[in-house]
Amino acid sequence: NSLEEKIDYVFKIVVIGDSAVGKTQLLSRFAKNEFCFDSKSTIGVEFQTRTVAMKGKVIKAQIWDTAGQERYRAVTSAYYRGALGAIIVYDITKRPSFDHVARWVEELRVHADNSIVMTLIGNKSDLVDKKAVPTEDAVEFAEDQGLLFFETSAFSGANVDMAFLKLLEEIYNAI
Ligand code: GDP
Ligand code: MG
């Protein structure tokens, strides 16, 4: 389409977090406005893209997916190379996935560029009845670590664009 011909910037974003928190579904929701009900076979796709107009510029977000590597703690430094933004995802219904966020942030501090902009996402906000991570806990952690924070649902789409677009805007403001 016409936007694709006018790209000013390509922003590499990496998505990390425990297995099954909804990383791949978040990418698909943002990139294609899709939610896949049979998502067993998501392995193999390296990244998805979406091009947006922002403040008179055209930005192509190139969003990388760990595609199963998180299970083997095998996310390599090559994955983080050149990334301007990172999204760390946990599942609001799975306390351990939130407890592991600190470890993922540490991974970024070791492997990624110092100036990387980080966003924390608590996903599956549609499953309110099973909520196991209070919003206040995540807000406190995010403020403490200097992360943007959003609760989203890849399933309903709630807050997904907001979270990704805010990250792109923060990156744009920093360059
Ligand atoms: P990944 O391993 O982090 O990439 O997780 P997936 O994107 O493969 O999602 C893991 C499971 O959670 C799948 O069964 C998804 O359908 C489900 N899932 C992902 N996002 C949501 C969400 O926002 N709400 C609900 N209810 N389920 C979700
Ligand atoms: Mg996945």
# chains A, B, ... in the order shown; residues from 1 in each chain; ligands from 1
call {"tool": "residues_around", "arguments": {"residues": "segment 158-160 of chain A", "least_positions_apart": "5", "cutoff": "10 Å", "atoms": "only C-alpha atoms", "output": "ChimeraX atom specification"}}
result
/A:26-27,29-30,33,121,123-126,150-153,165-166
call {"tool": "write_last_selection", "arguments": {"atoms": "all heavy atoms", "output": "short mmCIF file (atom, residue, chain, number, x, y, z; two decimals), in the first residue's frame"}}
result
data_model
loop_
_atom_site.label_atom_id
_atom_site.label_comp_id
_atom_site.auth_asym_id
_atom_site.auth_seq_id
_atom_site.Cartn_x
_atom_site.Cartn_y
_atom_site.Cartn_z
N LEU A 26 -0.55 -11.47 20.76
CA LEU A 26 -0.45 -10.00 20.82
C LEU A 26 0.10 -9.45 19.52
O LEU A 26 -0.39 -8.45 18.99
CB LEU A 26 0.43 -9.57 21.99
CG LEU A 26 -0.23 -9.53 23.38
CD1 LEU A 26 0.83 -9.39 24.46
CD2 LEU A 26 -1.24 -8.40 23.47
N LEU A 27 1.15 -10.11 19.01
CA LEU A 27 1.74 -9.68 17.73
C LEU A 27 0.72 -9.75 16.61
O LEU A 27 0.61 -8.82 15.81
CB LEU A 27 2.92 -10.59 17.37
CG LEU A 27 4.32 -10.08 17.63
CD1 LEU A 27 4.61 -10.14 19.12
CD2 LEU A 27 5.32 -10.91 16.88
N ARG A 29 -2.50 -9.73 16.84
CA ARG A 29 -3.56 -8.74 17.06
C ARG A 29 -3.10 -7.36 16.57
O ARG A 29 -3.82 -6.66 15.88
CB ARG A 29 -3.95 -8.70 18.54
CG ARG A 29 -4.96 -7.64 18.90
CD ARG A 29 -6.28 -7.80 18.17
NE ARG A 29 -7.10 -8.90 18.68
CZ ARG A 29 -8.20 -9.34 18.08
NH1 ARG A 29 -8.60 -8.79 16.95
NH2 ARG A 29 -8.89 -10.35 18.60
N PHE A 30 -1.87 -6.99 16.94
CA PHE A 30 -1.38 -5.67 16.53
C PHE A 30 -1.09 -5.60 15.03
O PHE A 30 -1.44 -4.64 14.36
CB PHE A 30 -0.13 -5.28 17.31
CG PHE A 30 0.41 -3.93 16.92
CD1 PHE A 30 -0.32 -2.77 17.19
CD2 PHE A 30 1.62 -3.80 16.26
CE1 PHE A 30 0.16 -1.52 16.81
CE2 PHE A 30 2.10 -2.55 15.88
CZ PHE A 30 1.36 -1.41 16.15
N ASN A 33 -4.65 -7.58 13.26
CA ASN A 33 -5.95 -7.54 13.94
C ASN A 33 -6.62 -8.90 13.93
O ASN A 33 -7.81 -9.04 13.69
CB ASN A 33 -6.87 -6.47 13.33
CG ASN A 33 -7.99 -6.09 14.29
OD1 ASN A 33 -7.89 -6.32 15.50
ND2 ASN A 33 -9.05 -5.52 13.76
N ILE A 121 3.61 -5.63 29.76
CA ILE A 121 2.21 -5.91 29.42
C ILE A 121 1.69 -7.07 30.27
O ILE A 121 2.29 -8.14 30.30
CB ILE A 121 2.04 -6.25 27.92
CG1 ILE A 121 2.12 -4.98 27.06
CG2 ILE A 121 0.71 -6.97 27.68
CD1 ILE A 121 1.82 -5.19 25.59
N ASN A 123 -1.15 -9.47 30.07
CA ASN A 123 -2.10 -9.89 29.02
C ASN A 123 -3.19 -10.82 29.59
O ASN A 123 -3.06 -11.34 30.68
CB ASN A 123 -1.33 -10.59 27.90
CG ASN A 123 -2.20 -10.87 26.68
OD1 ASN A 123 -2.99 -10.01 26.25
ND2 ASN A 123 -2.07 -12.07 26.12
N LYS A 124 -4.23 -11.00 28.80
CA LYS A 124 -5.42 -11.82 29.12
C LYS A 124 -6.34 -11.09 30.10
O LYS A 124 -6.95 -11.72 30.99
CB LYS A 124 -5.04 -13.22 29.62
CG LYS A 124 -4.05 -13.96 28.71
CD LYS A 124 -3.95 -15.44 28.97
CE LYS A 124 -2.83 -16.08 28.15
NZ LYS A 124 -2.72 -17.53 28.33
N SER A 125 -6.46 -9.78 29.93
CA SER A 125 -7.32 -8.99 30.82
C SER A 125 -8.79 -9.37 30.69
O SER A 125 -9.60 -9.00 31.54
CB SER A 125 -7.14 -7.49 30.54
OG SER A 125 -7.55 -7.18 29.23
N ASP A 126 -9.12 -10.13 29.65
CA ASP A 126 -10.51 -10.62 29.52
C ASP A 126 -10.84 -11.68 30.57
O ASP A 126 -12.01 -11.89 30.90
CB ASP A 126 -10.73 -11.19 28.10
CG ASP A 126 -9.73 -12.28 27.74
OD1 ASP A 126 -8.54 -11.95 27.56
OD2 ASP A 126 -10.10 -13.45 27.63
N PHE A 150 0.86 -1.62 30.60
CA PHE A 150 -0.52 -1.75 30.12
C PHE A 150 -1.05 -3.14 30.43
O PHE A 150 -0.30 -4.12 30.41
CB PHE A 150 -0.60 -1.55 28.60
CG PHE A 150 -0.15 -0.20 28.15
CD1 PHE A 150 1.18 0.02 27.82
CD2 PHE A 150 -1.05 0.85 28.05
CE1 PHE A 150 1.62 1.28 27.42
CE2 PHE A 150 -0.63 2.11 27.64
CZ PHE A 150 0.70 2.33 27.32
N GLU A 151 -2.34 -3.22 30.72
CA GLU A 151 -3.03 -4.51 30.75
C GLU A 151 -3.81 -4.62 29.45
O GLU A 151 -4.51 -3.68 29.06
CB GLU A 151 -3.97 -4.60 31.96
CG GLU A 151 -3.21 -4.81 33.25
CD GLU A 151 -4.08 -4.97 34.48
OE1 GLU A 151 -5.27 -4.53 34.44
OE2 GLU A 151 -3.60 -5.51 35.48
N THR A 152 -3.66 -5.74 28.77
CA THR A 152 -4.24 -5.92 27.45
C THR A 152 -4.99 -7.25 27.34
O THR A 152 -4.82 -8.13 28.18
CB THR A 152 -3.15 -5.97 26.36
OG1 THR A 152 -2.36 -7.16 26.57
CG2 THR A 152 -2.25 -4.75 26.37
N SER A 153 -5.76 -7.36 26.28
CA SER A 153 -6.32 -8.65 25.89
C SER A 153 -6.09 -8.85 24.40
O SER A 153 -6.69 -8.14 23.59
CB SER A 153 -7.81 -8.74 26.20
OG SER A 153 -8.35 -9.91 25.60
N LEU A 165 1.40 1.34 20.24
CA LEU A 165 1.57 2.68 19.69
C LEU A 165 2.28 3.61 20.68
O LEU A 165 3.09 4.45 20.29
CB LEU A 165 0.22 3.27 19.26
CG LEU A 165 -0.44 2.55 18.07
CD1 LEU A 165 -1.84 3.09 17.81
CD2 LEU A 165 0.42 2.65 16.80
N LYS A 166 1.99 3.43 21.97
CA LYS A 166 2.66 4.24 22.99
C LYS A 166 4.17 3.94 23.00
O LYS A 166 5.00 4.84 23.11
CB LYS A 166 2.05 3.96 24.36
CG LYS A 166 2.59 4.84 25.46
CD LYS A 166 2.12 6.29 25.31
CE LYS A 166 2.87 7.20 26.28
NZ LYS A 166 2.69 8.62 25.93
#
call {"tool": "residues_near_ligand", "arguments": {"ligand": "ligand 1", "cutoff": "10 Å", "atoms": "only C-alpha atoms and all ligand atoms", "output": "short mmCIF file (atom, residue, chain, number, x, y, z; two decimals) with C-alpha atoms, in the first residue's frame"}}
result
data_model
loop_
_atom_site.label_atom_id
_atom_site.label_comp_id
_atom_site.auth_asym_id
_atom_site.auth_seq_id
_atom_site.Cartn_x
_atom_site.Cartn_y
_atom_site.Cartn_z
CA VAL A 15 8.72 -9.43 22.62
CA ILE A 16 9.76 -11.60 25.57
CA GLY A 17 8.18 -13.32 28.55
CA ASP A 18 7.28 -16.81 29.68
CA SER A 19 5.77 -19.37 27.35
CA ALA A 20 1.98 -19.21 26.82
CA VAL A 21 1.46 -15.67 28.16
CA GLY A 22 0.12 -14.62 24.74
CA LYS A 23 3.14 -13.06 23.00
CA THR A 24 2.36 -14.47 19.56
CA GLN A 25 -1.33 -13.58 19.83
CA LEU A 26 -0.45 -10.00 20.82
CA LEU A 27 1.74 -9.68 17.73
CA SER A 28 -0.99 -11.03 15.47
CA ARG A 29 -3.56 -8.74 17.06
CA PHE A 35 -6.65 -13.77 17.10
CA CYS A 36 -5.92 -17.37 16.17
CA PHE A 37 -7.95 -19.96 18.09
CA ASP A 38 -5.65 -22.78 17.02
CA SER A 39 -2.29 -21.25 17.88
CA LYS A 40 -0.34 -24.45 18.54
CA SER A 41 1.66 -24.03 15.35
CA THR A 42 3.05 -20.53 15.78
CA ILE A 43 6.66 -21.65 15.71
CA ASP A 65 8.71 -13.17 18.34
CA THR A 66 10.72 -15.68 20.39
CA ALA A 67 8.76 -18.48 18.69
CA GLY A 68 9.21 -21.06 21.43
CA GLN A 69 12.82 -20.32 22.38
CA GLU A 70 11.66 -19.04 25.79
CA ARG A 71 11.07 -22.64 26.86
CA VAL A 89 4.60 -9.95 28.67
CA TYR A 90 3.08 -11.79 31.63
CA ASP A 91 -0.30 -13.48 32.02
CA ILE A 92 -2.53 -11.77 34.62
CA THR A 93 -3.90 -15.21 35.57
CA GLY A 122 -0.18 -7.89 31.63
CA ASN A 123 -2.10 -9.89 29.02
CA LYS A 124 -5.42 -11.82 29.12
CA SER A 125 -7.32 -8.99 30.82
CA ASP A 126 -10.51 -10.62 29.52
CA LEU A 127 -10.04 -13.38 32.13
CA VAL A 128 -10.90 -11.09 35.06
CA GLU A 151 -3.03 -4.51 30.75
CA THR A 152 -4.24 -5.92 27.45
CA SER A 153 -6.32 -8.65 25.89
CA ALA A 154 -5.08 -10.13 22.63
CA PHE A 155 -8.38 -12.02 22.64
CA SER A 156 -10.68 -8.97 22.68
CA GLY A 157 -8.10 -6.53 21.38
CA ALA A 158 -8.49 -4.28 24.42
CA VAL A 160 -3.32 -3.71 22.37
#
call {"tool": "select_by_dssp", "arguments": {"residues": "segment 20-172 of chain A", "states": "strand (DSSP E)", "output": "MDAnalysis selection string"}}
result
chainID A and resid 47:54 57:65 85:91 117:123 148:151
call {"tool": "atom_distance", "arguments": {"atom1": "atom CA of Ala102 of chain A", "atom2": "atom CA of Ile171 of chain A"}}
result
21.8 Å
call {"tool": "atom_distance", "arguments": {"atom1": "atom CA of Thr49 of chain A", "atom2": "atom CA of Lys12 of chain A"}}
result
9.4 Å
call {"tool": "select_by_dssp", "arguments": {"residues": "segment 42-90 of chain A", "states": "helix (DSSP H, G or I)", "output": "JSON, numbers by chain"}}
result
{"A": [69, 70, 71, 72, 77, 78, 79, 80]}
call {"tool": "closest_residue", "arguments": {"among": "A:Tyr9, A:Phe47, A:Tyr80, A:Tyr172", "to": "ligand 2", "atoms": "only C-alpha atoms and all ligand atoms"}}
result
A:Phe47
call {"tool": "atom_distance", "arguments": {"atom1": "atom CA of Arg109 of chain A", "atom2": "atom CA of Arg50 of chain A"}}
result
26.4 Å
call {"tool": "residues_around", "arguments": {"residues": "Lys60 of chain A", "least_positions_apart": "3", "cutoff": "10 Å", "atoms": "only C-alpha atoms", "output": "PyMOL selection string"}}
result
chain A and resi 3-4+6-12+49-53+57+63+168
call {"tool": "write_last_selection", "arguments": {"atoms": "all heavy atoms", "output": "compact mmCIF listing (two decimals), in the first residue's frame"}}
result
# COMPACT_ATOMS: atom_id res chain seq x y z
N LEU A 3 1.44 3.65 2.18
CA LEU A 3 2.26 3.92 3.35
C LEU A 3 3.62 3.23 3.25
O LEU A 3 4.65 3.79 3.61
CB LEU A 3 1.58 3.43 4.64
CG LEU A 3 0.76 4.39 5.49
CD1 LEU A 3 0.44 3.75 6.82
CD2 LEU A 3 1.47 5.72 5.71
N GLU A 4 3.59 2.00 2.72
CA GLU A 4 4.80 1.19 2.62
C GLU A 4 5.89 1.87 1.78
O GLU A 4 7.07 1.61 1.94
CB GLU A 4 4.48 -0.18 2.01
CG GLU A 4 3.68 -1.10 2.91
CD GLU A 4 4.49 -1.65 4.08
OE1 GLU A 4 5.69 -1.92 3.89
OE2 GLU A 4 3.92 -1.79 5.17
N LYS A 6 6.53 5.01 1.78
CA LYS A 6 7.00 6.25 2.39
C LYS A 6 7.63 6.05 3.77
O LYS A 6 7.59 6.94 4.61
CB LYS A 6 5.82 7.22 2.54
CG LYS A 6 5.19 7.61 1.21
CD LYS A 6 3.91 8.41 1.42
CE LYS A 6 3.16 8.62 0.13
NZ LYS A 6 1.70 8.65 0.34
N ILE A 7 8.17 4.87 4.00
CA ILE A 7 8.68 4.57 5.34
C ILE A 7 9.89 5.44 5.70
O ILE A 7 10.88 5.50 4.96
CB ILE A 7 9.04 3.07 5.44
CG1 ILE A 7 7.76 2.23 5.34
CG2 ILE A 7 9.79 2.76 6.74
CD1 ILE A 7 8.00 0.77 5.04
N ASP A 8 9.78 6.15 6.82
CA ASP A 8 10.88 6.98 7.32
C ASP A 8 11.79 6.20 8.26
O ASP A 8 13.00 6.39 8.27
CB ASP A 8 10.33 8.21 8.05
CG ASP A 8 9.56 9.14 7.12
OD1 ASP A 8 10.19 9.68 6.19
OD2 ASP A 8 8.34 9.30 7.31
N TYR A 9 11.17 5.36 9.09
CA TYR A 9 11.94 4.63 10.11
C TYR A 9 11.44 3.20 10.22
O TYR A 9 10.24 2.94 10.08
CB TYR A 9 11.77 5.27 11.50
CG TYR A 9 12.19 6.70 11.59
CD1 TYR A 9 11.24 7.72 11.59
CD2 TYR A 9 13.54 7.05 11.71
CE1 TYR A 9 11.62 9.05 11.70
CE2 TYR A 9 13.92 8.38 11.81
CZ TYR A 9 12.96 9.38 11.80
OH TYR A 9 13.33 10.69 11.90
N VAL A 10 12.37 2.28 10.50
CA VAL A 10 12.01 0.92 10.88
C VAL A 10 12.44 0.73 12.32
O VAL A 10 13.62 0.95 12.65
CB VAL A 10 12.68 -0.14 9.98
CG1 VAL A 10 12.33 -1.55 10.45
CG2 VAL A 10 12.28 0.06 8.52
N PHE A 11 11.50 0.42 13.18
CA PHE A 11 11.80 0.19 14.60
C PHE A 11 11.73 -1.31 14.90
O PHE A 11 10.67 -1.91 14.76
CB PHE A 11 10.80 0.90 15.51
CG PHE A 11 10.87 2.41 15.51
CD1 PHE A 11 9.88 3.15 16.13
CD2 PHE A 11 11.95 3.08 14.92
CE1 PHE A 11 9.93 4.55 16.15
CE2 PHE A 11 12.01 4.48 14.94
CZ PHE A 11 10.99 5.22 15.56
N LYS A 12 12.84 -1.86 15.34
CA LYS A 12 12.83 -3.26 15.78
C LYS A 12 12.37 -3.33 17.24
O LYS A 12 12.91 -2.63 18.10
CB LYS A 12 14.22 -3.90 15.64
CG LYS A 12 14.26 -5.34 16.16
CD LYS A 12 15.65 -5.98 16.01
CE LYS A 12 15.69 -7.35 16.68
NZ LYS A 12 17.00 -8.01 16.54
N THR A 49 5.02 -7.33 11.04
CA THR A 49 5.21 -5.88 10.89
C THR A 49 3.87 -5.16 10.77
O THR A 49 2.86 -5.75 10.39
CB THR A 49 6.03 -5.53 9.63
OG1 THR A 49 5.28 -5.92 8.47
CG2 THR A 49 7.38 -6.23 9.62
N ARG A 50 3.90 -3.91 11.14
CA ARG A 50 2.76 -3.01 10.86
C ARG A 50 3.33 -1.62 10.66
O ARG A 50 4.23 -1.20 11.40
CB ARG A 50 1.77 -3.03 12.01
CG ARG A 50 0.58 -2.10 11.75
CD ARG A 50 -0.55 -2.33 12.74
NE ARG A 50 -1.31 -1.13 12.93
CZ ARG A 50 -2.23 -0.97 13.89
NH1 ARG A 50 -2.45 -1.96 14.75
NH2 ARG A 50 -2.89 0.15 14.00
N THR A 51 2.85 -0.96 9.64
CA THR A 51 3.33 0.38 9.31
C THR A 51 2.28 1.40 9.74
O THR A 51 1.10 1.26 9.41
CB THR A 51 3.61 0.47 7.81
OG1 THR A 51 4.57 -0.53 7.47
CG2 THR A 51 4.17 1.83 7.44
N VAL A 52 2.72 2.38 10.51
CA VAL A 52 1.79 3.40 11.02
C VAL A 52 2.31 4.80 10.72
O VAL A 52 3.52 5.03 10.64
CB VAL A 52 1.57 3.25 12.54
CG1 VAL A 52 0.93 1.91 12.88
CG2 VAL A 52 2.87 3.42 13.32
N ALA A 53 1.37 5.71 10.57
CA ALA A 53 1.73 7.12 10.44
C ALA A 53 1.70 7.74 11.83
O ALA A 53 0.79 7.49 12.61
CB ALA A 53 0.72 7.84 9.54
N LYS A 57 5.37 11.33 10.24
CA LYS A 57 6.35 10.36 9.76
C LYS A 57 5.67 9.00 9.57
O LYS A 57 4.60 8.75 10.13
CB LYS A 57 7.50 10.20 10.75
CG LYS A 57 8.31 11.47 10.98
CD LYS A 57 9.13 11.84 9.76
CE LYS A 57 9.95 13.10 10.03
NZ LYS A 57 10.58 13.60 8.80
N ILE A 63 8.27 -6.40 14.62
CA ILE A 63 8.13 -6.94 15.97
C ILE A 63 8.51 -8.42 15.99
O ILE A 63 7.87 -9.25 15.35
CB ILE A 63 6.69 -6.74 16.48
CG1 ILE A 63 6.27 -5.27 16.27
CG2 ILE A 63 6.58 -7.11 17.95
CD1 ILE A 63 4.80 -5.08 16.10
N LEU A 168 5.93 2.82 20.39
CA LEU A 168 6.49 3.42 19.17
C LEU A 168 6.70 4.92 19.34
O LEU A 168 7.72 5.47 18.93
CB LEU A 168 5.58 3.15 17.97
CG LEU A 168 5.43 1.69 17.54
CD1 LEU A 168 4.45 1.58 16.37
CD2 LEU A 168 6.79 1.10 17.14
call {"tool": "closest_residue", "arguments": {"among": "A:Phe141, A:Leu167, A:Trp64, A:Gly56", "to": "ligand 2", "atoms": "only C-alpha atoms and all ligand atoms"}}
result
A:Trp64
call {"tool": "closest_residue", "arguments": {"among": "A:Val110, A:Val75, A:Val14, A:Ala86", "to": "Glu170 of chain A", "atoms": "only C-alpha atoms"}}
result
A:Ala86
